[in-house]
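Next comes run.cif, with mmCIF, C-alpha atoms and all ligand atoms.
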```cif
data_work
loop_
_atom_site.label_atom_id
_atom_site.label_comp_id
_atom_site.auth_asym_id
_atom_site.auth_seq_id
_atom_site.Cartn_x
_atom_site.Cartn_y
_atom_site.Cartn_z
CA MET N 17 7.52 18.78 -25.19
CA LYS N 18 7.04 15.29 -26.55
CA GLU N 19 3.66 13.68 -25.89
CA TYR N 20 3.90 9.98 -25.08
CA PHE N 21 0.23 9.04 -24.96
CA GLU N 22 -0.83 11.09 -27.94
CA ASN N 23 -4.15 9.49 -28.67
CA ILE N 24 -5.39 9.77 -25.09
CA LYS N 25 -6.79 13.01 -23.74
CA LYS N 26 -7.44 13.95 -20.14
CA VAL N 27 -9.68 11.31 -18.61
CA GLU N 28 -12.87 12.89 -17.24
CA TYR N 29 -15.85 11.68 -15.28
CA GLU N 30 -18.69 10.88 -17.68
CA GLY N 31 -20.93 8.66 -15.58
CA ARG N 32 -21.89 5.01 -15.74
CA GLU N 33 -23.77 5.29 -19.03
CA SER N 34 -20.71 6.50 -20.91
CA LYS N 35 -19.25 4.10 -23.44
CA ASN N 36 -16.06 6.12 -23.78
CA PRO N 37 -13.30 3.73 -22.69
CA PHE N 38 -11.17 6.66 -21.54
CA SER N 39 -13.65 8.11 -19.07
CA PHE N 40 -14.42 7.51 -15.42
CA LYS N 41 -17.78 5.89 -14.83
CA PHE N 42 -17.82 6.37 -11.05
CA TYR N 43 -14.76 8.37 -9.99
CA ASN N 44 -15.97 11.94 -9.90
CA PRO N 45 -13.22 13.84 -8.07
CA GLU N 46 -15.34 16.82 -7.07
CA GLN N 47 -18.39 14.83 -5.89
CA ILE N 48 -19.05 15.24 -2.18
CA ILE N 49 -19.34 12.05 -0.13
CA LEU N 50 -19.84 12.31 3.62
CA GLY N 51 -18.93 16.00 3.51
CA LYS N 52 -15.66 15.59 1.62
CA LYS N 53 -14.62 15.58 -2.03
CA MET N 54 -14.07 12.15 -3.52
CA LYS N 55 -10.52 13.07 -4.42
CA GLU N 56 -9.83 14.00 -0.79
CA HIS N 57 -11.11 10.62 0.38
CA LEU N 58 -9.03 8.94 -2.30
CA PRO N 59 -5.52 10.32 -2.65
CA PHE N 60 -4.42 7.99 -5.44
CA ALA N 61 -0.80 7.29 -6.28
CA MET N 62 1.08 5.75 -9.19
CA ALA N 63 3.70 3.09 -8.44
CA TRP N 64 6.72 4.04 -10.53
CA TRP N 65 7.99 0.46 -10.76
CA HIS N 66 4.93 -1.20 -12.21
CA ASN N 67 3.56 1.52 -14.39
CA LEU N 68 6.78 2.87 -15.87
CA GLY N 69 8.96 -0.20 -15.43
CA ALA N 70 7.17 -3.54 -15.57
CA ALA N 71 6.87 -4.72 -19.15
CA GLY N 72 5.49 -8.21 -18.73
CA THR N 73 8.52 -10.38 -18.03
CA ASP N 74 7.58 -13.44 -15.98
CA MET N 75 9.27 -16.73 -15.12
CA PHE N 76 8.40 -18.15 -18.53
CA GLY N 77 8.78 -15.30 -20.94
CA ARG N 78 10.19 -11.88 -21.66
CA ASP N 79 8.64 -8.44 -22.08
CA THR N 80 5.41 -8.05 -24.00
CA ALA N 81 5.01 -4.30 -23.50
CA ASP N 82 7.26 -1.49 -24.68
CA LYS N 83 8.28 0.74 -21.77
CA SER N 84 11.27 2.26 -23.52
CA PHE N 85 9.43 5.55 -24.10
CA GLY N 86 11.63 6.02 -27.14
CA GLU N 87 14.98 5.73 -25.33
CA LYS N 88 17.49 2.97 -24.66
CA ILE N 89 16.61 1.16 -21.43
CA GLY N 90 19.38 1.42 -18.84
CA THR N 91 20.38 5.00 -19.72
CA MET N 92 19.70 8.31 -18.00
CA GLU N 93 17.86 9.44 -21.14
CA HIS N 94 15.44 6.59 -20.53
CA ALA N 95 15.17 7.50 -16.84
CA LYS N 96 14.19 11.03 -17.87
CA ALA N 97 11.75 9.82 -20.51
CA LYS N 98 10.08 7.79 -17.75
CA VAL N 99 9.71 10.95 -15.69
CA ASP N 100 8.16 12.79 -18.64
CA ALA N 101 5.85 9.92 -19.53
CA GLY N 102 4.92 9.36 -15.87
CA PHE N 103 3.95 12.96 -15.26
CA GLU N 104 1.95 13.10 -18.49
CA PHE N 105 0.20 9.89 -17.44
CA MET N 106 -0.63 11.15 -13.94
CA GLN N 107 -1.86 14.47 -15.27
CA LYS N 108 -4.13 12.80 -17.78
CA LEU N 109 -5.69 10.69 -15.05
CA GLY N 110 -5.76 13.32 -12.31
CA ILE N 111 -3.44 11.24 -10.10
CA GLU N 112 -1.82 13.54 -7.57
CA TYR N 113 0.86 11.30 -6.02
CA PHE N 114 3.57 8.82 -6.94
CA CYS N 115 5.64 6.23 -5.04
CA PHE N 116 9.11 5.00 -5.92
CA HIS N 117 12.03 2.73 -5.09
CA ASP N 118 15.48 4.27 -5.55
CA VAL N 119 16.32 1.99 -8.48
CA ASP N 120 12.97 2.61 -10.20
CA LEU N 121 14.18 6.13 -10.87
CA VAL N 122 17.61 5.41 -12.32
CA PRO N 123 19.53 2.42 -13.61
CA GLU N 124 21.71 1.04 -10.83
CA ALA N 125 25.45 1.40 -11.49
CA ASP N 126 28.14 -1.03 -10.34
CA ASP N 127 29.51 1.68 -8.06
CA ILE N 128 27.02 2.97 -5.46
CA ASN N 129 28.59 6.43 -5.66
CA GLU N 130 27.54 6.65 -9.29
CA THR N 131 24.03 5.39 -8.48
CA ASN N 132 23.76 8.13 -5.86
CA ARG N 133 24.92 10.75 -8.33
CA ARG N 134 22.26 9.59 -10.79
CA LEU N 135 19.66 9.81 -8.06
CA ASP N 136 20.64 13.42 -7.38
CA GLU N 137 20.34 14.23 -11.06
CA ILE N 138 16.96 12.57 -11.59
CA SER N 139 15.47 13.98 -8.40
CA ASP N 140 16.37 17.51 -9.55
CA TYR N 141 14.51 16.72 -12.76
CA ILE N 142 11.51 15.26 -10.93
CA LEU N 143 11.36 18.22 -8.57
CA GLU N 144 11.00 20.59 -11.52
CA LYS N 145 8.09 18.52 -12.85
CA MET N 146 6.48 18.47 -9.44
CA LYS N 147 6.62 22.25 -9.25
CA LEU N 148 5.10 22.60 -12.70
CA THR N 149 2.27 20.12 -12.17
CA GLY N 150 1.51 20.17 -8.43
CA ILE N 151 1.96 16.38 -8.34
CA LYS N 152 3.41 15.16 -5.03
CA CYS N 153 5.37 12.25 -3.64
CA LEU N 154 3.41 9.85 -1.42
CA TRP N 155 6.33 7.71 -0.31
CA GLY N 156 9.76 6.52 -1.20
CA THR N 157 11.63 3.34 -0.43
CA ALA N 158 14.87 1.51 -1.16
CA ASN N 159 14.88 -1.64 -3.24
CA MET N 160 16.83 -4.02 -1.02
CA PHE N 161 15.74 -7.22 -2.70
CA SER N 162 16.72 -7.21 -6.39
CA ASN N 163 20.49 -6.80 -6.23
CA PRO N 164 22.25 -10.18 -5.72
CA ARG N 165 24.07 -8.82 -2.66
CA TYR N 166 20.75 -9.11 -0.79
CA MET N 167 20.41 -12.82 -1.41
CA ASN N 168 20.58 -13.49 2.34
CA GLY N 169 18.55 -10.42 3.27
CA ALA N 170 19.24 -6.71 3.77
CA GLY N 171 18.78 -5.81 7.45
CA SER N 172 18.77 -9.54 8.12
CA THR N 173 21.90 -10.35 6.11
CA ASN N 174 24.80 -12.36 7.52
CA SER N 175 27.28 -9.94 5.91
CA ALA N 176 28.21 -6.78 7.78
CA ASP N 177 29.31 -5.18 4.50
CA VAL N 178 25.98 -5.91 2.86
CA PHE N 179 24.27 -4.46 5.94
CA CYS N 180 26.21 -1.24 5.26
CA PHE N 181 24.99 -1.22 1.65
CA ALA N 182 21.43 -1.54 2.95
CA ALA N 183 22.13 1.38 5.30
CA ALA N 184 23.59 3.42 2.43
CA GLN N 185 20.53 2.78 0.27
CA VAL N 186 18.11 3.67 3.05
CA LYS N 187 20.07 6.85 3.75
CA LYS N 188 19.99 7.93 0.12
CA ALA N 189 16.35 6.93 -0.39
CA LEU N 190 15.47 9.00 2.68
CA ASP N 191 17.44 11.95 1.28
CA ILE N 192 15.50 11.75 -1.97
CA THR N 193 12.16 11.23 -0.21
CA VAL N 194 12.75 14.34 1.90
CA LYS N 195 13.96 16.31 -1.12
CA LEU N 196 10.74 15.42 -2.97
CA GLY N 197 8.57 16.17 0.08
CA GLY N 198 7.38 12.57 0.47
CA LYS N 199 4.71 11.96 3.09
CA GLY N 200 6.05 8.53 4.03
CA TYR N 201 8.94 6.13 3.87
CA VAL N 202 8.30 2.40 3.39
CA PHE N 203 10.10 -0.71 4.52
CA TRP N 204 8.88 -3.73 2.64
CA GLY N 205 10.98 -6.65 3.86
CA GLY N 206 11.23 -8.57 0.62
CA ARG N 207 14.24 -10.65 1.59
CA GLU N 208 13.87 -10.21 5.34
CA GLY N 209 12.95 -13.77 6.15
CA TYR N 210 14.29 -17.25 5.67
CA GLU N 211 13.99 -20.52 3.81
CA THR N 212 15.28 -22.95 6.43
CA LEU N 213 16.02 -22.75 10.14
CA LEU N 214 19.05 -24.95 9.55
CA ASN N 215 21.03 -21.90 8.42
CA THR N 216 19.19 -19.11 10.23
CA ASP N 217 19.47 -17.24 13.54
CA ILE N 218 16.08 -15.52 13.70
CA GLY N 219 16.79 -13.54 16.86
CA PHE N 220 20.02 -12.18 15.42
CA GLU N 221 18.36 -11.20 12.17
CA GLN N 222 15.38 -9.49 13.77
CA ASN N 223 17.59 -7.50 16.12
CA ASN N 224 19.55 -6.26 13.13
CA ILE N 225 16.45 -5.32 11.13
CA ALA N 226 15.33 -3.26 14.11
CA ARG N 227 18.78 -1.65 14.35
CA LEU N 228 18.55 -0.59 10.71
CA MET N 229 15.07 0.84 11.23
CA LYS N 230 16.14 2.71 14.35
CA MET N 231 19.02 4.32 12.49
CA ALA N 232 16.65 5.20 9.66
CA VAL N 233 14.34 6.98 12.10
CA GLU N 234 17.25 8.83 13.72
CA TYR N 235 18.66 9.91 10.39
CA GLY N 236 15.27 10.77 8.90
CA ARG N 237 14.32 12.98 11.83
CA LYS N 238 17.75 14.62 11.69
CA ILE N 239 17.30 15.67 8.06
CA GLY N 240 13.78 16.95 8.69
CA PHE N 241 11.56 14.04 7.68
CA LYS N 242 8.28 14.64 9.49
CA GLY N 243 6.20 11.91 7.88
CA ASP N 244 5.49 8.35 8.87
CA PHE N 245 7.69 5.35 8.41
CA TYR N 246 5.73 2.33 7.25
CA ILE N 247 6.17 -1.39 7.40
CA GLU N 248 4.41 -3.15 4.54
CA PRO N 249 3.61 -6.64 5.84
CA LYS N 250 3.73 -9.65 3.54
CA PRO N 251 3.84 -13.28 4.65
CA LYS N 252 5.90 -14.81 1.87
CA GLU N 253 7.33 -14.29 -1.60
CA PRO N 254 10.16 -14.05 -2.32
CA MET N 255 11.03 -15.74 1.01
CA LYS N 256 9.18 -18.73 2.37
CA HIS N 257 8.82 -17.12 5.80
CA GLN N 258 8.88 -13.33 5.91
CA TYR N 259 9.29 -11.67 9.29
CA ASP N 260 6.60 -9.04 8.65
CA PHE N 261 4.02 -11.76 8.13
CA ASP N 262 0.95 -9.61 8.71
CA ALA N 263 -0.12 -6.44 10.53
CA SER N 264 -0.31 -8.12 13.95
CA THR N 265 3.18 -9.53 13.60
CA ALA N 266 4.66 -6.27 12.34
CA ILE N 267 2.98 -4.24 15.09
CA GLY N 268 4.31 -6.64 17.73
CA PHE N 269 7.79 -6.26 16.24
CA LEU N 270 7.60 -2.46 16.27
CA ARG N 271 6.46 -2.42 19.89
CA GLN N 272 9.15 -4.86 20.95
CA TYR N 273 11.85 -2.57 19.61
CA GLY N 274 10.26 0.75 20.61
CA LEU N 275 9.63 1.78 17.00
CA ASP N 276 5.86 2.09 17.28
CA LYS N 277 5.79 5.89 17.64
CA ASP N 278 7.44 6.47 14.29
CA PHE N 279 5.94 3.64 12.24
CA LYS N 280 2.53 2.78 10.83
CA MET N 281 1.33 0.08 8.45
CA ASN N 282 1.19 0.23 4.68
CA ILE N 283 -1.40 -2.46 3.96
CA GLU N 284 -1.46 -4.16 0.58
CA ALA N 285 -4.61 -6.05 -0.36
CA ASN N 286 -2.79 -8.88 -2.12
CA HIS N 287 -0.44 -9.36 0.85
CA ALA N 288 -3.41 -9.61 3.20
CA THR N 289 -4.95 -12.44 1.23
CA LEU N 290 -1.59 -14.23 0.93
CA ALA N 291 -1.47 -14.18 4.73
CA GLY N 292 -4.86 -15.88 4.84
CA HIS N 293 -6.67 -12.70 5.88
CA THR N 294 -9.11 -10.42 4.19
CA PHE N 295 -7.95 -6.95 3.18
CA GLU N 296 -10.37 -5.43 5.70
CA HIS N 297 -9.00 -7.62 8.50
CA GLU N 298 -5.53 -6.16 8.04
CA LEU N 299 -6.94 -2.65 7.91
CA ARG N 300 -8.98 -3.15 11.07
CA ILE N 301 -6.02 -4.62 12.98
CA SER N 302 -3.91 -1.63 11.96
CA ALA N 303 -6.64 0.84 12.84
CA VAL N 304 -7.40 -0.52 16.32
CA ASN N 305 -3.69 -0.24 17.06
CA GLY N 306 -3.58 3.35 15.79
CA MET N 307 -1.29 2.32 12.96
CA LEU N 308 -3.34 2.55 9.78
CA GLY N 309 -1.07 4.63 7.57
CA SER N 310 -1.30 3.92 3.87
CA ILE N 311 -2.64 1.39 1.39
CA ASP N 312 -1.21 -0.46 -1.59
CA ALA N 313 -4.39 -0.79 -3.59
CA ASN N 314 -4.38 -3.92 -5.71
CA GLN N 315 -5.91 -7.37 -5.62
CA GLY N 316 -4.71 -10.93 -5.87
CA ASP N 317 -6.28 -14.02 -7.34
CA TYR N 318 -7.64 -16.50 -4.81
CA LEU N 319 -6.67 -19.35 -7.09
CA LEU N 320 -3.03 -18.28 -7.29
CA GLY N 321 -0.69 -18.35 -4.32
CA TRP N 322 1.43 -15.35 -5.19
CA ASP N 323 1.38 -11.59 -5.45
CA THR N 324 -0.32 -11.11 -8.80
CA ASP N 325 -0.67 -7.34 -8.18
CA GLN N 326 -3.81 -6.91 -10.25
CA PHE N 327 -5.69 -3.67 -10.60
CA PRO N 328 -8.57 -3.77 -8.14
CA SER N 329 -11.92 -4.66 -9.68
CA ASP N 330 -13.65 -6.28 -6.70
CA VAL N 331 -16.19 -3.72 -5.53
CA TYR N 332 -17.17 -5.72 -2.47
CA SER N 333 -13.59 -5.76 -1.21
CA ALA N 334 -13.05 -2.08 -2.07
CA THR N 335 -16.22 -1.26 -0.15
CA MET N 336 -15.06 -3.09 2.94
CA CYS N 337 -11.72 -1.30 2.61
CA MET N 338 -13.34 2.11 2.38
CA TYR N 339 -15.63 1.26 5.29
CA GLU N 340 -12.55 0.62 7.42
CA VAL N 341 -10.75 3.71 6.17
CA ILE N 342 -13.70 6.02 6.82
CA LYS N 343 -14.31 4.52 10.26
CA ALA N 344 -10.63 5.05 11.07
CA GLY N 345 -10.94 8.73 10.10
CA GLY N 346 -9.05 8.43 6.80
CA LEU N 347 -5.45 7.64 5.95
CA THR N 348 -2.37 9.67 6.76
CA GLY N 349 -0.98 8.24 3.50
CA GLY N 350 -2.88 7.37 0.36
CA PHE N 351 -3.94 4.68 -2.12
CA ASN N 352 -0.95 3.53 -4.12
CA PHE N 353 -1.84 1.34 -7.08
CA ASP N 354 0.85 -1.27 -6.50
CA ALA N 355 -0.63 -3.01 -9.52
CA LYS N 356 0.39 -3.98 -12.99
CA ASN N 357 -1.38 -4.85 -16.18
CA ARG N 358 -1.75 -8.51 -17.06
CA ARG N 359 1.03 -9.66 -19.35
CA ALA N 360 -1.26 -9.77 -22.36
CA SER N 361 -2.57 -6.25 -21.71
CA ASN N 362 0.48 -4.78 -23.33
CA THR N 363 -0.52 -1.42 -24.85
CA TYR N 364 -0.38 2.16 -23.60
CA GLU N 365 -4.16 2.12 -23.64
CA ASP N 366 -4.09 -0.80 -21.22
CA MET N 367 -2.04 1.26 -18.77
CA PHE N 368 -4.88 3.79 -18.68
CA HIS N 369 -7.54 1.11 -18.44
CA GLY N 370 -5.80 -0.36 -15.39
CA PHE N 371 -5.95 2.93 -13.54
CA ILE N 372 -9.45 3.77 -14.71
CA LEU N 373 -10.62 0.38 -13.44
CA GLY N 374 -8.85 0.82 -10.10
CA MET N 375 -10.03 4.38 -9.53
CA ASP N 376 -13.62 3.54 -10.47
CA THR N 377 -13.56 0.48 -8.21
CA PHE N 378 -12.45 2.55 -5.22
CA ALA N 379 -14.96 5.28 -6.07
CA LEU N 380 -17.69 2.63 -5.97
CA GLY N 381 -16.23 1.33 -2.73
CA LEU N 382 -16.40 4.80 -1.26
CA ILE N 383 -19.98 5.39 -2.43
CA ASN N 384 -21.10 2.04 -1.02
CA ALA N 385 -19.23 2.43 2.26
CA ALA N 386 -20.90 5.80 2.75
CA LYS N 387 -24.28 4.10 2.19
CA ILE N 388 -23.52 1.51 4.88
CA ILE N 389 -22.54 4.22 7.33
CA GLU N 390 -25.50 6.46 6.52
CA ASP N 391 -27.89 3.53 6.72
CA GLY N 392 -26.70 2.86 10.25
CA ARG N 393 -28.06 -0.67 10.69
CA ILE N 394 -24.63 -2.29 10.88
CA ASP N 395 -23.43 0.12 13.56
CA GLU N 396 -26.69 -0.31 15.42
CA PHE N 397 -26.35 -4.08 15.35
CA VAL N 398 -22.78 -4.01 16.63
CA GLY N 399 -23.72 -1.53 19.33
CA LYS N 400 -26.54 -3.77 20.53
CA LYS N 401 -24.38 -6.87 20.35
CA TYR N 402 -22.15 -5.60 23.15
CA SER N 403 -24.86 -3.77 25.09
CA SER N 404 -24.81 -6.20 28.04
CA PHE N 405 -21.65 -4.39 29.07
CA ASN N 406 -23.87 -1.40 29.90
CA SER N 407 -25.28 -3.43 32.81
CA GLU N 408 -23.94 -2.98 36.30
CA ILE N 409 -21.65 -6.01 36.15
CA GLY N 410 -20.67 -5.18 32.57
CA LYS N 411 -19.60 -1.67 33.57
CA LYS N 412 -17.55 -3.10 36.39
CA ILE N 413 -15.70 -5.35 33.97
CA LEU N 414 -14.99 -2.49 31.59
CA SER N 415 -13.69 -0.24 34.34
CA GLY N 416 -11.40 -2.96 35.62
CA ASN N 417 -13.08 -2.47 38.96
CA THR N 418 -13.80 -6.08 39.83
CA THR N 419 -12.19 -9.41 40.62
CA LEU N 420 -12.41 -12.96 39.45
CA GLU N 421 -14.15 -13.81 42.72
CA GLU N 422 -16.89 -11.22 42.22
CA LEU N 423 -17.51 -12.36 38.64
CA SER N 424 -17.60 -15.94 39.77
CA ASP N 425 -20.21 -15.04 42.42
CA HIS N 426 -22.26 -13.34 39.70
CA ALA N 427 -22.14 -16.44 37.51
CA CYS N 428 -22.94 -18.80 40.38
CA ALA N 429 -25.95 -16.69 41.38
CA LEU N 430 -27.26 -16.92 37.81
CA LYS N 431 -26.75 -20.71 37.86
CA SER N 432 -26.66 -20.91 34.06
CA ALA N 433 -26.12 -18.34 31.31
CA GLU N 434 -28.52 -17.41 28.54
CA LEU N 435 -27.09 -17.66 25.03
CA PRO N 436 -25.44 -14.34 24.11
CA GLY N 437 -27.72 -13.47 21.18
CA SER N 438 -27.55 -14.14 17.44
CA GLY N 439 -24.52 -13.06 15.44
CA GLY N 440 -26.92 -12.22 12.61
CA GLN N 441 -24.39 -12.67 9.83
CA GLU N 442 -26.88 -13.52 7.09
CA TYR N 443 -29.13 -10.62 8.07
CA LEU N 444 -26.14 -8.24 7.92
CA GLU N 445 -24.84 -9.57 4.61
CA GLY N 446 -28.34 -9.11 3.21
CA ILE N 447 -28.30 -5.47 4.27
CA ILE N 448 -25.05 -4.94 2.41
CA ASN N 449 -26.49 -6.45 -0.77
CA SER N 450 -29.65 -4.40 -0.51
CA LEU N 451 -27.57 -1.23 -0.25
CA PHE N 452 -25.37 -2.16 -3.21
CA PHE N 453 -27.89 -3.13 -5.83
C1 LIG N 501 6.04 -6.36 -3.12
C2 LIG N 501 5.70 -5.10 -2.51
C3 LIG N 501 6.53 -3.90 -2.99
C4 LIG N 501 6.41 -2.78 -2.03
C5 LIG N 501 7.47 -1.75 -2.14
O1 LIG N 501 5.32 -7.33 -3.01
O2 LIG N 501 4.34 -4.87 -2.67
O3 LIG N 501 6.15 -3.54 -4.27
O4 LIG N 501 5.18 -2.15 -2.14
O5 LIG N 501 8.73 -2.28 -1.98
NI NI N 502 3.32 -3.11 -2.19
NI NI N 503 3.17 -6.69 -3.18
#
```

Could you render the structure from this file as structure tokens?
Ligand code: XLS
Ligand code: NI
Ligand code: NI
Amino acid sequence: MKEYFENIKKVEYEGRESKNPFSFKFYNPEQIILGKKMKEHLPFAMAWWHNLGAAGTDMFGRDTADKSFGEKIGTMEHAKAKVDAGFEFMQKLGIEYFCFHDVDLVPEADDINETNRRLDEISDYILEKMKLTGIKCLWGTANMFSNPRYMNGAGSTNSADVFCFAAAQVKKALDITVKLGGKGYVFWGGREGYETLLNTDIGFEQNNIARLMKMAVEYGRKIGFKGDFYIEPKPKEPMKHQYDFDASTAIGFLRQYGLDKDFKMNIEANHATLAGHTFEHELRISAVNGMLGSIDANQGDYLLGWDTDQFPSDVYSATMCMYEVIKAGGLTGGFNFDAKNRRASNTYEDMFHGFILGMDTFALGLINAAKIIEDGRIDEFVGKKYSSFNSEIGKKILSGNTTLEELSDHACALKSAELPGSGGQEYLEGIINSLFF
């Protein structure tokens, strides 16, 4: 069997003092944190599209990296070489999951019947590799944004024929996801949105997106898909207004159409910040609604207004993420590195460095989040902050066993209210720093 990353051996944990660039400094899969192995807290996944596909093309220039893996791009030989290289890569890093779009796996043909045939062929090939290595599929999805037919949207398109192509892609992507034992199925609404209201019927489009999702659930359950469907919210890019703006919006949409039992959120850090939220905000909103499913682990650049999909390096943010995940009792999904190397990081070695950075960052996040939880001062503060609701009148409010009149009488008897107590933000932020450093 050909080795693609010949000069790189299996990446092991060596500790923070190690100067070996191909070692983990903090990610120690077997280390126990809060009673569980690190690797169980952190089911990492490789995004097929970025790692095996993206080669650096941007709006101003073409590829800088070679992702041909020795074959001609656009052929099935290349598709298979990507499988081989991808599995070698995951094995060398100890990554146990992957995520894919249909057209990441095979080159798309002009005739959808041929694309589907190619998908059957490649998924047989992938399945063999999965059996050999124990590597699993985290989630699958259909790319309903690259092909020109989706220029006016997929579920939200104005063309009934294009809507059928979206349905056909979802059907096939679900078939492949089930065949590969995927835990989840993602809808990221890349072109589900609009540029101007002058040519758009929002109500019509949203009804149709929901119709497509409903049929996906019906079909998925029929063919034995037991996992979660996910919406991956994003506020913009490529569209100016995307319907799944953020977690709150997507959750409202799911409830409106009765899809909330089958769907959860796949939260991407860079999408959260594009929506003007923190990563942890989106996670908390999902969690309090019982819909925290999976994570696209990456980070954006606060100075740039688009989805830069960088490998996560911000330990503070990763800590706040892991704090939310632990508090929510873990993910049903995993941590998919929906991230790509910077255009100038164009070597095979850089591919490994991206994942090593991301995995170490989340390991640090996990270690720090565990410290915050074990320390207990944050929880204690929050508990105390709301403690007035343990009073007689507070309990009545919580039980719903009161009226506006009774509460008004309470207020009038007090004449004026005391201030509700300090928010203590600086004190709390100081605690976090003292635990980190
Ligand atoms: C794009 C999205 C996309 C989804 C899968 O911004 O992050 O990559 O994760 O379609
Ligand atoms: Ni994503
Ligand atoms: Ni994204």

Please, what distance in Å, to one decimal, runs between atom CA of Phe245 of chain N and atom CA of Glu296 of chain N?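 Spanning atom CA of Phe245 of chain N to atom CA of Glu296 of chain N is a straight-line distance of 21.2 Å.
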
Contact check, chain N to ligand NI 503 (chain N), at most 8 Å, counting only C-alpha atoms and all ligand atoms, closest pairs as JSON lines:
```
{"residue": "N:Lys250", "atom": "CA", "partner": "N:NI503", "partner_atom": "NI", "distance": 7.4}
{"residue": "N:Glu284", "atom": "CA", "partner": "N:NI503", "partner_atom": "NI", "distance": 6.5}
{"residue": "N:Asn286", "atom": "CA", "partner": "N:NI503", "partner_atom": "NI", "distance": 6.4}
{"residue": "N:His287", "atom": "CA", "partner": "N:NI503", "partner_atom": "NI", "distance": 6.0}
{"residue": "N:Asp312", "atom": "CA", "partner": "N:NI503", "partner_atom": "NI", "distance": 7.8}
{"residue": "N:Asp323", "atom": "CA", "partner": "N:NI503", "partner_atom": "NI", "distance": 5.7}
{"residue": "N:Thr324", "atom": "CA", "partner": "N:NI503", "partner_atom": "NI", "distance": 8.0}
{"residue": "N:Asp325", "atom": "CA", "partner": "N:NI503", "partner_atom": "NI", "distance": 6.3}
{"residue": "N:Asp354", "atom": "CA", "partner": "N:NI503", "partner_atom": "NI", "distance": 6.8}
```

Out of N:Phe21, N:Phe181, N:Tyr332, N:Phe353, which residue has the shortest atom-to-atom distance to Ile128 of chain N when counting all atoms listed in the file?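 Among the listed residues, N:Phe181 lies closest to Ile128 of chain N.
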
With ligand LIG 501 (chain N) as the partner and 9 Å as the cut-off, tabulate the residues of chain N that qualify, each row holding the nearest pair of atoms and their distance in Å to one decimal, using all atoms listed in the file, sorted by chain and rising number, as a Markdown table.
```
| residue | atom | partner | partner_atom | distance |
| --- | --- | --- | --- | --- |
| N:Ala63 | CA | N:LIG501 | O3 | 8.2 |
| N:Trp65 | CA | N:LIG501 | O3 | 7.8 |
| N:His66 | CA | N:LIG501 | O3 | 8.4 |
| N:Cys115 | CA | N:LIG501 | C5 | 8.7 |
| N:Phe116 | CA | N:LIG501 | C5 | 7.9 |
| N:His117 | CA | N:LIG501 | O5 | 6.8 |
| N:Gly156 | CA | N:LIG501 | C5 | 8.6 |
| N:Thr157 | CA | N:LIG501 | O5 | 6.5 |
| N:Ala158 | CA | N:LIG501 | O5 | 7.3 |
| N:Asn159 | CA | N:LIG501 | O5 | 6.3 |
| N:Met160 | CA | N:LIG501 | O5 | 8.3 |
| N:Phe161 | CA | N:LIG501 | O5 | 8.6 |
| N:Val202 | CA | N:LIG501 | C5 | 7.0 |
| N:Phe203 | CA | N:LIG501 | O5 | 6.8 |
| N:Trp204 | CA | N:LIG501 | O5 | 4.8 |
| N:Gly205 | CA | N:LIG501 | O5 | 7.6 |
| N:Gly206 | CA | N:LIG501 | C1 | 6.8 |
| N:Glu248 | CA | N:LIG501 | O4 | 6.8 |
| N:Pro249 | CA | N:LIG501 | O2 | 8.7 |
| N:Lys250 | CA | N:LIG501 | O1 | 7.1 |
| N:Lys252 | CA | N:LIG501 | O1 | 8.9 |
| N:Glu253 | CA | N:LIG501 | O1 | 7.4 |
| N:Pro254 | CA | N:LIG501 | O1 | 8.3 |
| N:Asn282 | CA | N:LIG501 | O4 | 8.3 |
| N:Ile283 | CA | N:LIG501 | O4 | 9.0 |
| N:Glu284 | CA | N:LIG501 | O2 | 6.7 |
| N:Asn286 | CA | N:LIG501 | O2 | 8.2 |
| N:His287 | CA | N:LIG501 | O1 | 7.2 |
| N:Asp312 | CA | N:LIG501 | O4 | 6.6 |
| N:Asp323 | CA | N:LIG501 | O1 | 6.3 |
| N:Thr324 | CA | N:LIG501 | O1 | 8.9 |
| N:Asp325 | CA | N:LIG501 | O2 | 7.8 |
| N:Asn352 | CA | N:LIG501 | O4 | 8.6 |
| N:Asp354 | CA | N:LIG501 | O3 | 6.2 |
| N:Ala355 | CA | N:LIG501 | O3 | 8.6 |
```

Measuring between only C-alpha atoms and all ligand atoms, which one of N:Ala70, N:Ala427, N:Ala313, N:Ile218 shows the shortest distance to ligand NI 502 (chain N)?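 Looking only at the distances to ligand NI 502 (chain N), the closest residue turns out to be N:Ala313.
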
With distances taken over all atoms listed in the file, which of N:Ile311, N:Cys428, N:Met231, N:Ala266 is nearest to ligand NI 502 (chain N)? N:Ile311

Tell me which protein, DNA and RNA residues are within 12 Å of segment 393-410 of chain N, counting all atoms listed in the file, leaving out same-chain ones fewer than 3 positions away, and put them as number ranges by chain. N: 339, 343, 385, 387-390, 413-419, 422-427, 434, 436-441, 443-448, 450-451

Report as a PyMOL selection string all protein, DNA and RNA residues lying within 10 Å of Phe327 of chain N, evaluated on all atoms listed in the file, omitting residues in the same chain fewer than 2 positions from it. chain N and resi 313-316+324-325+329-330+353-358+369-375+377

Show me, as a VMD selection string, the residues that have an atom within 6 Å of Tyr29 of chain N when counting all atoms listed in the file, minus same-chain residues fewer than 5 positions from it. chain N and resid 39 to 40 44

Which value, in Å to one decimal, gives the distance between atom CA of Thr131 of chain N and atom CA of Leu190 of chain N?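 It comes out at 14.5 Å.
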
So how many Å separate atom CA of Gly150 of chain N and atom CA of Tyr113 of chain N, to one decimal?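 Rounded to one decimal, the two atoms are 9.2 Å apart.
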